[in-house]
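**Student:** So here's start.txt (compact mmCIF, C-alpha atoms).
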```txt
# COMPACT_ATOMS: atom_id res chain seq x y z
CA MET A 1 0.00 0.00 0.00
CA PRO A 2 1.59 3.30 -1.02
CA THR A 3 2.02 5.95 1.61
CA ILE A 4 2.83 9.61 1.15
CA PRO A 5 5.24 10.84 3.81
CA ASP A 6 4.39 14.01 5.70
CA PRO A 7 6.58 16.93 4.55
CA SER A 8 7.98 17.10 8.05
CA SER A 9 9.00 13.41 7.95
CA PRO A 10 12.19 12.87 9.95
CA GLY A 11 15.24 10.90 9.11
CA PRO A 12 16.11 7.61 10.80
CA SER A 13 16.03 7.74 14.61
CA SER A 14 16.08 5.18 17.37
CA SER A 15 13.48 7.01 19.47
CA PRO A 16 9.81 6.02 19.11
CA LEU A 17 8.95 9.68 19.67
CA ARG A 18 10.28 10.44 16.20
CA VAL A 19 6.87 9.59 14.73
CA LEU A 20 5.42 12.62 16.50
CA ARG A 21 7.36 14.78 14.06
CA HIS A 22 4.80 13.73 11.46
CA ARG A 23 2.44 16.66 11.81
CA SER A 24 -0.82 14.88 11.08
CA PHE A 25 0.01 11.86 13.21
CA ARG A 26 0.98 14.14 16.08
CA ARG A 27 -2.45 15.77 15.88
CA LEU A 28 -4.15 12.36 15.85
CA TRP A 29 -2.09 11.36 18.91
CA ILE A 30 -2.99 14.53 20.83
CA GLY A 31 -6.65 14.10 19.99
CA SER A 32 -6.61 10.43 20.98
CA LEU A 33 -5.00 11.10 24.36
CA THR A 34 -7.35 13.99 25.08
CA SER A 35 -10.50 12.06 24.24
CA ALA A 36 -9.23 8.97 26.12
CA ALA A 37 -8.81 11.03 29.28
CA GLY A 38 -12.24 12.58 28.78
CA THR A 39 -13.84 9.18 28.22
CA ALA A 40 -12.36 7.94 31.49
CA VAL A 41 -13.72 11.01 33.29
CA GLY A 42 -17.15 10.52 31.76
CA GLY A 43 -17.14 6.80 32.54
CA ILE A 44 -16.53 7.39 36.24
CA ILE A 45 -19.19 10.11 36.43
CA LEU A 46 -21.83 8.11 34.53
CA THR A 47 -21.22 5.03 36.67
CA TRP A 48 -21.56 7.07 39.85
CA LEU A 49 -24.72 8.81 38.65
CA VAL A 50 -26.39 5.50 37.80
CA TYR A 51 -25.28 3.98 41.11
CA SER A 52 -26.42 6.96 43.20
CA ALA A 53 -29.79 7.09 41.44
CA THR A 54 -30.61 3.37 41.51
CA HIS A 55 -28.25 1.51 43.89
CA SER A 56 -28.91 -1.39 41.52
CA PRO A 57 -26.21 -3.75 40.20
CA LEU A 58 -28.54 -4.52 37.30
CA ALA A 59 -28.54 -0.86 36.28
CA ILE A 60 -24.73 -0.77 36.41
CA SER A 61 -24.63 -3.95 34.31
CA LEU A 62 -27.02 -2.38 31.81
CA LEU A 63 -24.76 0.66 31.54
CA GLY A 64 -21.84 -1.61 30.64
CA ILE A 65 -23.79 -3.78 28.20
CA VAL A 66 -25.18 -0.78 26.30
CA GLN A 67 -21.63 0.29 25.45
CA PHE A 68 -21.08 -2.98 23.54
CA LEU A 69 -24.41 -3.16 21.71
CA PRO A 70 -23.62 -0.72 18.85
CA THR A 71 -20.44 -2.62 17.97
CA LEU A 72 -22.31 -5.91 17.91
CA GLY A 73 -25.24 -4.48 15.97
CA PHE A 74 -23.63 -1.96 13.61
CA GLY A 75 -19.92 -2.78 13.64
CA LEU A 76 -19.81 -4.51 10.26
CA VAL A 77 -21.78 -1.71 8.59
CA ALA A 78 -19.45 0.82 10.26
CA GLY A 79 -16.50 -0.92 8.64
CA ALA A 80 -18.09 -0.60 5.21
CA LEU A 81 -18.69 3.11 5.81
CA ILE A 82 -15.04 3.59 6.80
CA ASP A 83 -13.85 2.01 3.55
CA ARG A 84 -16.43 3.89 1.47
CA LEU A 85 -16.23 7.45 2.86
CA ASP A 86 -13.50 9.99 3.57
CA ARG A 87 -11.98 8.76 6.81
CA ARG A 88 -10.94 12.16 8.14
CA ARG A 89 -14.41 13.64 7.68
CA LEU A 90 -16.00 10.54 9.17
CA MET A 91 -13.79 10.66 12.28
CA MET A 92 -14.35 14.39 12.67
CA SER A 93 -18.13 13.93 12.40
CA CYS A 94 -18.03 11.26 15.09
CA ASP A 95 -16.15 13.55 17.45
CA VAL A 96 -18.55 16.42 16.82
CA ALA A 97 -21.54 14.16 17.50
CA ARG A 98 -19.99 12.80 20.71
CA ALA A 99 -19.16 16.31 21.91
CA ILE A 100 -22.73 17.50 21.28
CA CYS A 101 -24.15 14.44 23.02
CA PHE A 102 -22.09 14.91 26.18
CA ALA A 103 -22.69 18.67 26.20
CA GLY A 104 -26.43 18.05 25.99
CA LEU A 105 -26.22 15.44 28.75
CA ALA A 106 -24.30 17.84 30.99
CA LEU A 107 -27.00 20.48 30.50
CA PHE A 108 -29.78 17.96 31.15
CA VAL A 109 -28.20 16.76 34.40
CA LEU A 110 -27.69 20.35 35.51
CA LEU A 111 -31.31 21.35 34.84
CA TYR A 112 -33.28 18.17 35.51
CA GLY A 113 -31.05 15.86 37.50
CA VAL A 114 -30.46 12.16 36.85
CA ASP A 115 -32.77 10.18 34.60
CA LEU A 116 -31.69 6.58 33.95
CA ALA A 117 -33.29 6.36 30.51
CA VAL A 118 -31.56 9.57 29.37
CA LEU A 119 -28.18 8.40 30.69
CA ILE A 120 -28.48 5.01 29.02
CA GLY A 121 -29.65 6.61 25.79
CA ALA A 122 -26.72 9.03 25.74
CA VAL A 123 -24.26 6.21 26.36
CA PHE A 124 -25.77 4.24 23.49
CA VAL A 125 -25.51 7.19 21.09
CA VAL A 126 -21.89 7.93 22.04
CA ALA A 127 -20.99 4.23 21.76
CA THR A 128 -22.53 4.14 18.28
CA PHE A 129 -20.27 6.90 17.01
CA SER A 130 -17.30 5.32 18.82
CA THR A 131 -18.01 2.11 16.91
CA VAL A 132 -17.13 4.02 13.74
CA PHE A 133 -14.31 6.12 15.20
CA ARG A 134 -12.09 3.37 16.63
CA PRO A 135 -11.61 1.23 13.49
CA ALA A 136 -11.43 4.38 11.37
CA THR A 137 -8.45 5.51 13.47
CA ASN A 138 -6.67 2.17 13.00
CA ALA A 139 -7.37 2.30 9.27
CA ALA A 140 -6.06 5.88 8.98
CA VAL A 141 -2.68 5.30 10.66
CA PRO A 142 -1.05 3.52 7.65
CA ARG A 143 -1.83 6.57 5.52
CA LEU A 144 -0.09 8.88 8.00
CA LEU A 145 3.12 6.92 8.68
CA GLU A 146 5.64 5.08 6.62
CA THR A 147 5.62 1.30 7.02
CA ARG A 148 8.76 1.25 9.15
CA ASP A 149 7.10 3.63 11.63
CA LEU A 150 3.83 1.74 12.14
CA ALA A 151 4.90 -0.21 15.23
CA ASP A 152 6.14 2.89 17.06
CA GLY A 153 3.09 4.88 15.99
CA ASN A 154 0.67 2.22 17.19
CA GLY A 155 2.66 1.84 20.38
CA LEU A 156 2.46 5.55 21.17
CA LEU A 157 -1.27 5.60 20.47
CA GLN A 158 -1.97 2.55 22.66
CA GLY A 159 0.43 3.43 25.45
CA GLY A 160 -0.52 7.08 25.54
CA SER A 161 -4.26 6.35 25.58
CA THR A 162 -3.80 3.83 28.39
CA ILE A 163 -1.97 6.38 30.54
CA ALA A 164 -4.56 9.05 29.70
CA GLN A 165 -7.38 6.75 30.82
CA PHE A 166 -5.50 5.93 34.01
CA VAL A 167 -5.14 9.65 34.77
CA GLY A 168 -8.71 10.40 33.75
CA SER A 169 -10.35 7.97 36.17
CA PRO A 170 -9.29 9.73 39.41
CA LEU A 171 -9.89 13.05 37.67
CA GLY A 172 -13.51 12.00 37.22
CA GLY A 173 -13.75 11.36 40.95
CA LEU A 174 -12.23 14.77 41.60
CA PHE A 175 -14.88 16.43 39.43
CA LEU A 176 -17.60 14.65 41.42
CA LEU A 177 -16.14 15.78 44.75
CA THR A 178 -15.50 19.41 43.76
CA VAL A 179 -17.43 20.99 40.89
CA GLY A 180 -20.09 18.35 40.25
CA ALA A 181 -21.16 15.84 37.62
CA SER A 182 -22.38 18.39 35.06
CA VAL A 183 -19.00 20.09 34.84
CA GLY A 184 -17.28 16.73 34.50
CA LEU A 185 -19.60 15.72 31.64
CA ALA A 186 -19.00 19.11 30.00
CA PHE A 187 -15.26 18.46 30.31
CA ASN A 188 -15.76 15.16 28.47
CA ALA A 189 -17.58 17.04 25.71
CA LEU A 190 -14.67 19.48 25.51
CA THR A 191 -12.15 16.67 25.05
CA PHE A 192 -14.13 15.33 22.08
CA ALA A 193 -14.21 18.86 20.65
CA VAL A 194 -10.42 19.06 21.00
CA SER A 195 -10.05 15.68 19.30
CA GLY A 196 -12.34 16.78 16.46
CA THR A 197 -10.32 19.96 16.00
CA MET A 198 -7.07 17.99 15.79
CA ILE A 199 -8.59 15.69 13.16
CA PHE A 200 -9.91 18.69 11.21
CA LEU A 201 -6.32 19.98 11.03
CA MET A 202 -4.97 16.63 9.82
CA VAL A 203 -4.11 15.80 6.22
CA ILE A 204 -4.69 12.13 5.44
CA PRO A 205 -3.07 11.10 2.15
CA THR A 206 -5.12 8.89 -0.14
CA GLY A 207 -4.48 5.17 -0.08
CA SER A 208 -4.38 2.73 -2.93
CA ARG A 209 -7.81 3.97 -3.98
CA PRO A 210 -8.70 7.59 -3.11
CA ASP A 211 -11.75 8.18 -0.97
CA GLY A 212 -14.64 9.10 -3.18
CA ALA A 213 -13.00 7.73 -6.35
CA ALA A 214 -15.06 5.79 -8.85
CA ARG A 215 -15.70 2.26 -7.68
CA PRO A 216 -18.22 -0.46 -8.43
CA LYS A 217 -21.63 0.47 -7.11
CA ARG A 218 -22.35 -1.80 -4.16
CA SER A 219 -24.80 -1.61 -1.32
CA LEU A 220 -23.47 -1.32 2.22
CA LEU A 221 -24.51 -4.91 2.90
CA GLY A 222 -22.76 -5.96 -0.30
CA GLU A 223 -19.56 -4.31 0.91
CA VAL A 224 -19.97 -5.98 4.30
CA ARG A 225 -20.16 -9.35 2.53
CA ASP A 226 -17.08 -8.45 0.48
CA GLY A 227 -15.17 -7.71 3.69
CA LEU A 228 -16.19 -11.00 5.31
CA ARG A 229 -15.30 -12.85 2.12
CA PHE A 230 -11.86 -11.25 2.13
CA VAL A 231 -11.17 -12.38 5.71
CA ARG A 232 -12.31 -15.94 4.88
CA THR A 233 -9.86 -16.12 1.98
CA GLN A 234 -6.90 -15.11 4.18
CA ARG A 235 -6.34 -18.35 6.11
CA ALA A 236 -3.55 -17.14 8.40
CA LEU A 237 -5.32 -13.87 9.16
CA LEU A 238 -8.58 -15.74 9.82
CA ILE A 239 -6.86 -18.00 12.37
CA ILE A 240 -5.20 -15.02 14.04
CA THR A 241 -8.49 -13.11 14.23
CA ALA A 242 -10.37 -16.08 15.70
CA THR A 243 -7.56 -16.68 18.19
CA ALA A 244 -7.60 -13.03 19.29
CA MET A 245 -11.34 -13.25 19.90
CA ALA A 246 -10.96 -16.44 21.95
CA SER A 247 -8.08 -14.92 23.91
CA ASN A 248 -10.25 -11.91 24.69
CA PHE A 249 -12.79 -14.23 26.31
CA PHE A 250 -10.26 -15.64 28.78
CA LEU A 251 -8.31 -12.44 29.40
CA THR A 252 -11.55 -10.65 30.30
CA MET A 253 -11.77 -12.96 33.33
CA TRP A 254 -8.41 -11.62 34.47
CA GLY A 255 -8.99 -7.89 34.11
CA SER A 256 -12.66 -7.69 35.04
CA PHE A 257 -12.27 -9.53 38.35
CA MET A 258 -8.98 -8.10 39.55
CA VAL A 259 -10.81 -6.47 42.45
CA PHE A 260 -11.89 -9.93 43.69
CA TYR A 261 -8.34 -11.19 43.30
CA ALA A 262 -6.93 -8.32 45.37
CA GLY A 263 -9.55 -8.66 48.08
CA ASP A 264 -10.31 -12.38 48.34
CA GLN A 265 -6.95 -13.95 47.48
CA LEU A 266 -4.36 -11.34 48.39
CA HIS A 267 -6.41 -9.84 51.25
CA GLN A 268 -5.15 -6.36 50.35
CA GLY A 269 -8.45 -4.51 49.88
CA ALA A 270 -8.77 -1.28 47.91
CA ALA A 271 -5.09 -0.38 48.28
CA GLY A 272 -3.97 -3.69 46.79
CA PHE A 273 -6.49 -3.39 43.97
CA SER A 274 -5.19 0.09 43.11
CA VAL A 275 -1.61 -1.17 43.07
CA LEU A 276 -2.50 -4.03 40.71
CA VAL A 277 -4.39 -1.70 38.35
CA ALA A 278 -1.40 0.65 38.33
CA ALA A 279 0.96 -2.27 37.63
CA SER A 280 -1.19 -3.50 34.75
CA THR A 281 -1.43 0.02 33.30
CA ALA A 282 2.31 0.60 33.57
CA GLY A 283 3.05 -2.74 31.94
CA PHE A 284 0.63 -2.06 29.09
CA ALA A 285 2.06 1.41 28.45
CA ILE A 286 5.66 0.17 28.46
CA GLY A 287 4.90 -2.91 26.37
CA ALA A 288 3.25 -0.83 23.66
CA ILE A 289 6.57 0.73 22.58
CA VAL A 290 8.65 -2.48 22.77
CA PRO A 291 7.67 -3.97 19.35
CA GLY A 292 9.16 -1.03 17.49
CA ARG A 293 12.39 -1.34 19.48
CA LEU A 294 12.69 -5.08 18.71
CA HIS A 295 11.36 -4.78 15.13
CA MET A 296 8.70 -7.35 15.96
CA GLU A 297 6.60 -6.04 13.08
CA ARG A 298 8.99 -7.82 10.70
CA ALA A 299 7.63 -11.18 11.83
CA PRO A 300 4.29 -10.51 13.58
CA GLY A 301 2.98 -14.06 13.28
CA PHE A 302 6.10 -15.43 14.97
CA TRP A 303 5.79 -13.05 17.95
CA LEU A 304 2.10 -13.54 18.74
CA LEU A 305 2.59 -16.80 20.69
CA PRO A 306 5.31 -15.47 23.06
CA THR A 307 3.18 -12.39 23.73
CA TRP A 308 -0.52 -13.29 23.80
CA GLY A 309 0.11 -16.95 24.62
CA PHE A 310 2.61 -16.43 27.43
CA VAL A 311 0.14 -14.15 29.23
CA GLY A 312 -1.62 -17.41 30.04
CA LEU A 313 1.45 -18.68 31.90
CA LEU A 314 1.53 -15.51 33.98
CA LEU A 315 -2.15 -15.89 34.84
CA LEU A 316 -1.40 -19.39 36.09
CA GLY A 317 1.28 -17.86 38.28
CA LEU A 318 -1.20 -15.31 39.60
CA ALA A 319 -3.73 -18.07 40.30
CA TRP A 320 -1.48 -19.65 42.93
CA THR A 321 0.09 -16.45 44.27
CA ARG A 322 -0.88 -15.15 47.70
CA SER A 323 1.66 -12.33 47.92
CA LEU A 324 1.06 -8.83 46.58
CA TRP A 325 4.82 -8.38 46.07
CA LEU A 326 4.85 -11.32 43.67
CA ALA A 327 1.52 -10.47 42.06
CA VAL A 328 2.69 -6.98 41.10
CA PRO A 329 5.58 -8.03 38.80
CA LEU A 330 3.47 -10.86 37.32
CA THR A 331 0.69 -8.38 36.56
CA THR A 332 3.12 -5.84 35.12
CA VAL A 333 4.71 -8.35 32.76
CA ALA A 334 1.30 -9.73 31.76
CA GLY A 335 0.14 -6.22 30.84
CA ALA A 336 3.35 -5.61 28.89
CA LEU A 337 3.07 -8.87 26.91
CA LEU A 338 -0.57 -8.24 26.10
CA SER A 339 0.26 -4.77 24.84
CA MET A 340 3.23 -6.06 22.84
CA GLY A 341 0.98 -8.59 21.13
CA ASN A 342 -1.70 -6.02 20.41
CA THR A 343 0.77 -3.55 18.88
CA THR A 344 2.47 -6.26 16.82
CA TRP A 345 -0.86 -7.59 15.52
CA LEU A 346 -2.13 -4.09 14.73
CA SER A 347 1.00 -3.17 12.79
CA GLY A 348 0.94 -6.48 10.92
CA VAL A 349 -2.67 -5.98 9.86
CA GLN A 350 -2.05 -2.41 8.73
CA ARG A 351 0.84 -3.59 6.58
CA THR A 352 -0.74 -6.72 5.07
CA VAL A 353 -4.44 -5.91 4.61
CA PRO A 354 -5.20 -3.77 1.52
CA ASP A 355 -6.27 -0.23 2.32
CA GLU A 356 -9.73 -0.69 0.82
CA PHE A 357 -10.48 -3.50 3.31
CA LEU A 358 -8.87 -2.07 6.46
CA GLY A 359 -12.00 -0.46 7.87
CA ARG A 360 -14.06 -3.59 7.35
CA TYR A 361 -11.40 -5.85 8.83
CA PHE A 362 -10.92 -3.76 11.99
CA ALA A 363 -14.69 -3.43 12.45
CA THR A 364 -15.14 -7.20 12.02
CA ASP A 365 -12.41 -7.96 14.54
CA GLU A 366 -13.81 -5.44 17.01
CA ALA A 367 -17.34 -6.82 16.73
CA GLY A 368 -16.09 -10.34 17.47
CA SER A 369 -13.76 -9.27 20.26
CA TYR A 370 -16.41 -7.11 21.93
CA ALA A 371 -18.84 -10.02 21.85
CA MET A 372 -16.34 -12.00 23.92
CA ILE A 373 -16.17 -9.42 26.71
CA PRO A 374 -19.70 -9.82 28.16
CA ALA A 375 -19.41 -13.57 27.62
CA GLY A 376 -16.12 -13.65 29.55
CA ILE A 377 -17.59 -11.53 32.35
CA ALA A 378 -20.65 -13.78 32.64
CA VAL A 379 -18.67 -17.02 32.67
CA GLY A 380 -16.03 -15.55 34.97
CA GLY A 381 -18.68 -14.46 37.45
CA VAL A 382 -20.16 -17.96 37.53
CA LEU A 383 -16.72 -19.52 37.98
CA ILE A 384 -15.84 -17.20 40.87
CA PHE A 385 -19.15 -17.97 42.55
CA THR A 386 -18.71 -21.73 42.20
CA LEU A 387 -14.93 -22.32 42.23
CA GLY A 388 -13.37 -19.15 43.64
CA ILE A 389 -10.99 -16.60 42.17
CA SER A 390 -7.92 -18.85 42.19
CA TRP A 391 -9.46 -21.53 39.99
CA THR A 392 -11.04 -18.88 37.78
CA TYR A 393 -7.63 -17.34 37.10
CA ALA A 394 -6.19 -20.82 36.50
CA ILE A 395 -8.88 -21.62 33.95
CA ALA A 396 -8.36 -18.24 32.28
CA GLY A 397 -4.61 -18.86 32.10
CA ILE A 398 -4.95 -22.35 30.63
CA GLY A 399 -7.52 -21.13 28.15
CA ALA A 400 -5.40 -18.17 27.04
CA LEU A 401 -2.43 -20.48 26.54
CA VAL A 402 -4.31 -23.25 24.71
CA VAL A 403 -6.17 -21.03 22.23
CA ASN A 404 -2.84 -19.62 21.05
CA ILE A 405 -1.46 -23.05 20.11
CA PRO A 406 -2.35 -22.46 16.41
CA PHE A 407 0.45 -19.88 16.37
CA LEU A 408 2.85 -22.68 17.24
CA ILE A 409 1.57 -25.51 15.03
CA THR A 410 0.49 -23.65 11.88
CA PRO A 411 3.44 -22.70 9.62
CA GLY A 412 1.34 -20.21 7.64
CA VAL A 413 0.42 -18.37 10.83
CA ARG A 414 4.01 -18.23 12.07
CA ALA A 415 5.07 -16.84 8.68
CA TRP A 416 2.23 -14.28 8.50
CA GLY A 417 3.50 -10.80 7.71
CA ARG A 418 7.18 -11.81 7.67
CA VAL A 419 9.45 -9.46 5.72
CA THR A 420 13.19 -9.11 5.34
CA ALA A 421 13.20 -5.32 5.34
CA LEU A 422 10.83 -2.44 5.78
CA GLY A 423 10.67 0.62 3.63
```
Output the structure of this file as structure tokens.
**Tutor:**
Amino acid sequence: MPTIPDPSSPGPSSSPLRVLRHRSFRRLWIGSLTSAAGTAVGGIILTWLVYSATHSPLAISLLGIVQFLPTLGFGLVAGALIDRLDRRRLMMSCDVARAICFAGLALFVLLYGVDLAVLIGAVFVVATFSTVFRPATNAAVPRLLETRDLADGNGLLQGGSTIAQFVGSPLGGLFLLTVGASVGLAFNALTFAVSGTMIFLMVIPTGSRPDGAARPKRSLLGEVRDGLRFVRTQRALLIITATAMASNFFLTMWGSFMVFYAGDQLHQGAAGFSVLVAASTAGFAIGAIVPGRLHMERAPGFWLLPTWGFVGLLLLGLAWTRSLWLAVPLTTVAGALLSMGNTTWLSGVQRTVPDEFLGRYFATDEAGSYAMIPAGIAVGGVLIFTLGISWTYAIAGIGALVVNIPFLITPGVRAWGRVTALG
């Protein structure tokens, strides 16, 4: 896929920060970090508003489920839109819509107080536009960076967004304690406005087929079918995508129930839970920039087993650990390996999937992966109730390890994306 370097493209450098010299990518990165922090602020505030208004675990569960529904229902169509329309305009429109939605919600809460139906409806609308925005961002990155810079660019986006979310969560609590929920929701709207402004200022070069260029007339559903047909014809990529979805099911049991692990197994309470979350966040942020340093993008299929798969071994270690001092390094390394695998996979897909299918592929993967999250939470909850947290983590670790075996036994998967040099 041809890329057009930004006029400010730098020369060779060993620092991953060199990709920020690409003007348009730098704007995308700033917008992504800003909106990630705002989303974390809004998430904390919305959860607290629902809890304070209902004191119902079912209402909290509904709030979480609603965030996944648009991806499951519209994700494939969103992918077709991303490949059909101008990606910059589409991303900018999504940010404008999300900013308006949160601004309106802030005004409603200020004037009328908390209404569960309004909160759930706003979350659904925002999640719908996010269903388009996330895969559109992943599909836009290869047009902004040269191939050799993809791993570092993806790493900075993932690592930076993770840190921004980590900072945004306590900031949301601070808004609640000081200036109130309405101001916090308005702040979230402002972050989406900043992100939209950054995207407006971007220049996204055309890919192998310019947006809006003449193309065979197909319905959206026809283009969805074309995208699914493409994935089915790519055997190695199909195995990798299915494995990632299955891994997501088991890894959800680890992240979603870390609070039970800290309290019931480590007996460390809220302080221990906070330490583990910080360790996981730090590991994920650090791991995101490792692939570019090790040039893992030159053989992504080879590296997926020792990243995604070996997380399972660390979960087994956590399952039988009773010490916080041992759990912290295990959690940090697990977060780093997971992030390394994600960045390597993302860079491999951006380099091997044709530009005209990128939006549909990322939307398809996201729809499948998001479907695994509520399933993993439901099964994990049942396992904790019946077997306890230790056995739940053990099952999650074994599952995460076993589902990655195709990376070891399938030559085509191990060779996926392998190159001798990057241009």
**Student:** For Ile82 of chain A, which residue among A:Gln67, A:Thr131, A:Thr307, A:Thr343 is the nearest when counting only C-alpha atoms?
**Tutor:** A:Thr131
**Student:** In Å, how far is it from atom CA of Ile377 of chain A to atom CA of Phe249 of chain A?
**Tutor:**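 Here the two named atoms are 8.2 Å from each other.
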**Student:** Between A:Asn138, A:Thr331, A:Asn188, A:Gln268, which is the closest to Gly317 of chain A once you count all atoms listed in the file?
**Tutor:**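 Among A:Asn138, A:Thr331, A:Asn188, A:Gln268, it is A:Thr331 that comes nearest to Gly317 of chain A.
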**Student:** May I ask for the distance between atom CA of Pro374 of chain A and atom CA of Leu58 of chain A, given in Å to one decimal place?
**Tutor:**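 Atom CA of Leu58 of chain A lies 13.8 Å from atom CA of Pro374 of chain A.
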**Student:** Around the point (-1.7, 6.5, 8.5), in the coordinates given by the file, pick out the residues reaching within 10 Å, counting all atoms listed in the file, and return them as a list of chain:residue names.
**Tutor:**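 Nearby residues: A:Thr3, A:Ile4, A:Pro5, A:Ser24, A:Phe25, A:Leu28, A:Thr137, A:Asn138, A:Ala139, A:Ala140, A:Val141, A:Pro142, A:Arg143, A:Leu144, A:Leu145, A:Glu146, A:Thr147, A:Asp149, A:Leu150, A:Gly153, A:Asn154, A:Val203, A:Ile204, A:Pro205, A:Thr206, A:Gly207, A:Gln350.
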**Student:** Select all residues near (-29.6, -0.6, 27.5) (cut-off 12 Å, inclusive, file coordinates), counting all atoms listed in the file, and output them as a list in words.
**Tutor:**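 The answer, in the requested form, is Leu58, Ala59, Ile60, Ser61, Leu62, Leu63, Gly64, Ile65, Val66, Gln67, Phe68, Leu69, Pro70, Leu116, Ala117, Val118, Leu119, Ile120, Gly121, Ala122, Val123, Phe124, Val125 and Ala127 of chain A.
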**Student:** Which distance in Å separates atom CA of Gly335 of chain A and atom CA of Ser280 of chain A, to one decimal?
**Tutor:** 4.9 Å
**Student:** Taking all atoms listed in the file into account, name the residue in A:Glu366, A:Thr128, A:Gln158, A:Gly180 that is nearest to Leu110 of chain A.
**Tutor:**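 Ranking A:Glu366, A:Thr128, A:Gln158, A:Gly180 by distance to Leu110 of chain A, first place goes to A:Gly180.
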**Student:** Which residue gives the smallest distance to Ala288 of chain A among A:Phe302, A:Trp391, A:Tyr261, A:Trp345, with only C-alpha atoms counted?
**Tutor:**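 For Ala288 of chain A, the nearest of the candidates is A:Trp345.
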**Student:** For Val290 of chain A, work out the shell of residues within 8 Å, counting all atoms listed in the file and skipping chain neighbours fewer than 4 positions away, then give it as a PyMOL selection string.
**Tutor:** chain A and resi 155+286+294+340
**Student:** For Ala36 of chain A, which residue among A:Gly73, A:Thr191, A:Ala151, A:Phe108 is the nearest when counting only C-alpha atoms?
**Tutor:** A:Thr191
**Student:** Find the residues around Pro170 of chain A up to 10 Å (all atoms listed in the file counted), leave out those fewer than 4 positions away in its own chain, and share them as an MDAnalysis selection string.
**Tutor:** chainID A and resid 40:41 44 165:166 174:176
